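**Q** A single structure is presented below for examination.
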Amino acid sequence: MAKKQSPSTLLWFIRRKSYVPLCEIRRRFELDGEEGAFIDGEDGARVFVGLPANTAGAVEKLWRQNKIGLELSVEFDCKVLIGVYPMAPVRDTEVVTYHNGHHAPAEPVIATAQVIDMPEPGAPVPAKIIDMPDPVIPYDQSQSASIAAAE
């Protein structure tokens with residue numbers, strides 16, 4: 001038995017994921033059969049939706065309300081719906097967004113380094129460099145004696 005697919009139920013299901021192919025909608029709402037319907041897309045073009053008429057109507061209603069987006073196949077000469085995705089509502093009208101919905105990047109932060117003057121060759125080395133510990137590995141004379149004995 002097919003589950004009810006009202007626009008609100010369909011929207012709840014679509015919003016749980018970032019993208020929903022039509023086959024997942026068919027499986028979730030137990031829509032069996034080969035039936036399909038057309039909806040009116042952009043510029044009055046007809047879009048084929050491989051779902052029953054009532055479910056296709058719910059998809060069209062959500063799309064017209066800008067609650068979901070439609071992904072159309074590029075493999076056919078006609079428009080065929082292959083999946084849907086949720087549209088995030090705009091919460092702040094003053095935020096500039098790009099075409100993909102992301103916010104404009106913040107101003108770049110330029111890191112600056114302090115430039116120090118290096119001493120001339122042969123000049124005395126500054127004290128703060130002299131105070132640095134030398135990376136010297138202690139020499140163990142017993143190891144050299146055992147190496148010499150082995151040779």
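Residue numbering restarts at 1 for every chain of the structure tokens, chains are lettered A, B, ... in their displayed order, and ligands are numbered from 1 as they appear.
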Need the shell around Glu60 of chain A: protein/DNA/RNA residues with any atom at most 8 Å away, counting only C-alpha atoms. Skip same-chain ones fewer than 3 positions apart. Format as a PyMOL selection string?

**A** chain A and resi 39-40+56-57+63-64

**Q** Go ahead and save the residues from that selection, with C-alpha atoms, as a PDB file, in the first residue's frame.

**A**
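Final output, saved to selection.pdb:
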ATOM      1  CA  ILE A  39       4.837  19.257 -14.576  1.00  0.00           C
ATOM      2  CA  ASP A  40       5.254  22.813 -15.819  1.00  0.00           C
ATOM      3  CA  ALA A  56       4.464  14.912  -9.231  1.00  0.00           C
ATOM      4  CA  GLY A  57       1.963  17.640  -8.312  1.00  0.00           C
ATOM      5  CA  TRP A  63       9.308  23.781  -6.368  1.00  0.00           C
ATOM      6  CA  ARG A  64       7.014  26.747  -7.076  1.00  0.00           C
TER       7      ARG A  64
END

**Q** Could you list, as a VMD selection string, every residue within 10 Å of segment 42-54 of chain A, counting only C-alpha atoms and ignoring same-chain residues fewer than 6 positions away?

**A** chain A and resid 4 to 7 22 to 23 25 to 26 31 to 36 60 64 72 78 to 83

**Q** Between A:Ser18, A:Phe29, A:Thr9, A:Glu75, which is the closest to Met87 of chain A once you count only C-alpha atoms?

**A** A:Ser18

**Q** Just to confirm, what's the straight-line distance from atom CA of Arg16 of chain A to atom CA of Val74 of chain A in Å (one decimal)?

**A** 25.7 Å

**Q** In Å, how far is it from atom CA of Arg15 of chain A to atom CA of Ala37 of chain A?

**A**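 Computed distance, atom CA of Arg15 of chain A to atom CA of Ala37 of chain A, equals 22.8 Å.
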
**Q** According to DSSP computed on the backbone, where in segment 38-94 of chain A is there strand (DSSP E)? Give the residues as a list in words.

**A**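 After running DSSP on the backbone, segment 38-94 of chain A has strand (DSSP E) at Phe38, Ile39, Asp40, Arg46, Val47, Phe48, Val49, Ile68, Gly69, Leu70, Glu71, Leu72, Lys79, Val80, Leu81, Ile82, Gly83, Val84, Tyr85 and Pro86 of chain A.
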
**Q** Restricting it to N, CA and C atoms, dump the selection as a short mmCIF file (atom, residue, chain, number, x, y, z; two decimals), in the first residue's frame.

**A**
data_model
loop_
_atom_site.label_atom_id
_atom_site.label_comp_id
_atom_site.auth_asym_id
_atom_site.auth_seq_id
_atom_site.Cartn_x
_atom_site.Cartn_y
_atom_site.Cartn_z
N PHE A 38 3.78 14.82 -16.11
CA PHE A 38 4.50 16.03 -16.51
C PHE A 38 4.13 17.16 -15.57
N ILE A 39 5.11 18.03 -15.33
CA ILE A 39 4.84 19.26 -14.58
C ILE A 39 5.31 20.43 -15.43
N ASP A 40 4.82 21.62 -15.10
CA ASP A 40 5.25 22.81 -15.82
C ASP A 40 6.52 23.34 -15.17
N ARG A 46 7.65 21.79 -20.36
CA ARG A 46 7.14 20.62 -19.65
C ARG A 46 8.31 19.75 -19.20
N VAL A 47 8.21 19.26 -17.96
CA VAL A 47 9.25 18.40 -17.39
C VAL A 47 8.61 17.07 -17.05
N PHE A 48 9.23 15.98 -17.53
CA PHE A 48 8.73 14.65 -17.22
C PHE A 48 9.23 14.23 -15.85
N VAL A 49 8.30 13.80 -15.00
CA VAL A 49 8.61 13.31 -13.66
C VAL A 49 8.16 11.86 -13.61
N ILE A 68 12.16 23.43 -2.72
CA ILE A 68 13.06 22.42 -3.26
C ILE A 68 13.57 22.88 -4.62
N GLY A 69 14.69 22.30 -5.01
CA GLY A 69 15.24 22.53 -6.34
C GLY A 69 15.11 21.26 -7.16
N LEU A 70 15.10 21.40 -8.47
CA LEU A 70 14.96 20.26 -9.37
C LEU A 70 16.26 20.03 -10.11
N GLU A 71 16.67 18.77 -10.22
CA GLU A 71 17.81 18.43 -11.06
C GLU A 71 17.29 17.70 -12.28
N LEU A 72 17.60 18.26 -13.44
CA LEU A 72 17.15 17.69 -14.69
C LEU A 72 18.30 16.97 -15.38
N LYS A 79 13.23 17.59 -21.15
CA LYS A 79 13.56 17.78 -19.74
C LYS A 79 12.99 16.63 -18.93
N VAL A 80 13.88 15.94 -18.20
CA VAL A 80 13.50 14.79 -17.39
C VAL A 80 14.04 15.03 -15.98
N LEU A 81 13.15 14.98 -15.00
CA LEU A 81 13.55 15.16 -13.61
C LEU A 81 14.21 13.89 -13.10
N ILE A 82 15.42 14.03 -12.51
CA ILE A 82 16.10 12.85 -11.97
C ILE A 82 16.29 12.93 -10.46
N GLY A 83 16.12 14.12 -9.88
CA GLY A 83 16.30 14.24 -8.44
C GLY A 83 15.89 15.62 -7.95
N VAL A 84 15.78 15.74 -6.64
CA VAL A 84 15.41 17.01 -6.01
C VAL A 84 16.35 17.25 -4.83
N TYR A 85 16.42 18.50 -4.42
CA TYR A 85 17.26 18.86 -3.27
C TYR A 85 16.57 19.99 -2.51
N PRO A 86 16.77 20.05 -1.20
CA PRO A 86 16.12 21.09 -0.41
C PRO A 86 16.79 22.45 -0.65
#

**Q** Calculated over only C-alpha atoms, which of the candidates A:Pro121, A:Ala88, A:Lys61, A:Asn66 has the smallest distance to Lys17 of chain A?

**A**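 Distance minimum relative to Lys17 of chain A lands on A:Ala88.
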
**Q** Leaving out Phe13 of chain A and any residue of its chain fewer than 5 positions from it, which residues lie within 9 Å of it when counting only C-alpha atoms, given as a ChimeraX atom specification?

**A** /A:8,20,25,28

**Q** Limited to C-alpha atoms, could you put the picked residues into a file as a JSON list (two decimals), in the first residue's frame?

**A**
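The resulting file, part18.json, is reproduced below:
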[["chain", "number", "residue", "atom", "x", "y", "z"],
["A", 8, "SER", "CA", 4.55, 18.53, 3.68],
["A", 20, "VAL", "CA", 17.17, 12.79, -3.20],
["A", 25, "ILE", "CA", 11.07, 8.84, -3.36],
["A", 28, "ARG", "CA", 10.14, 5.59, 0.51]]
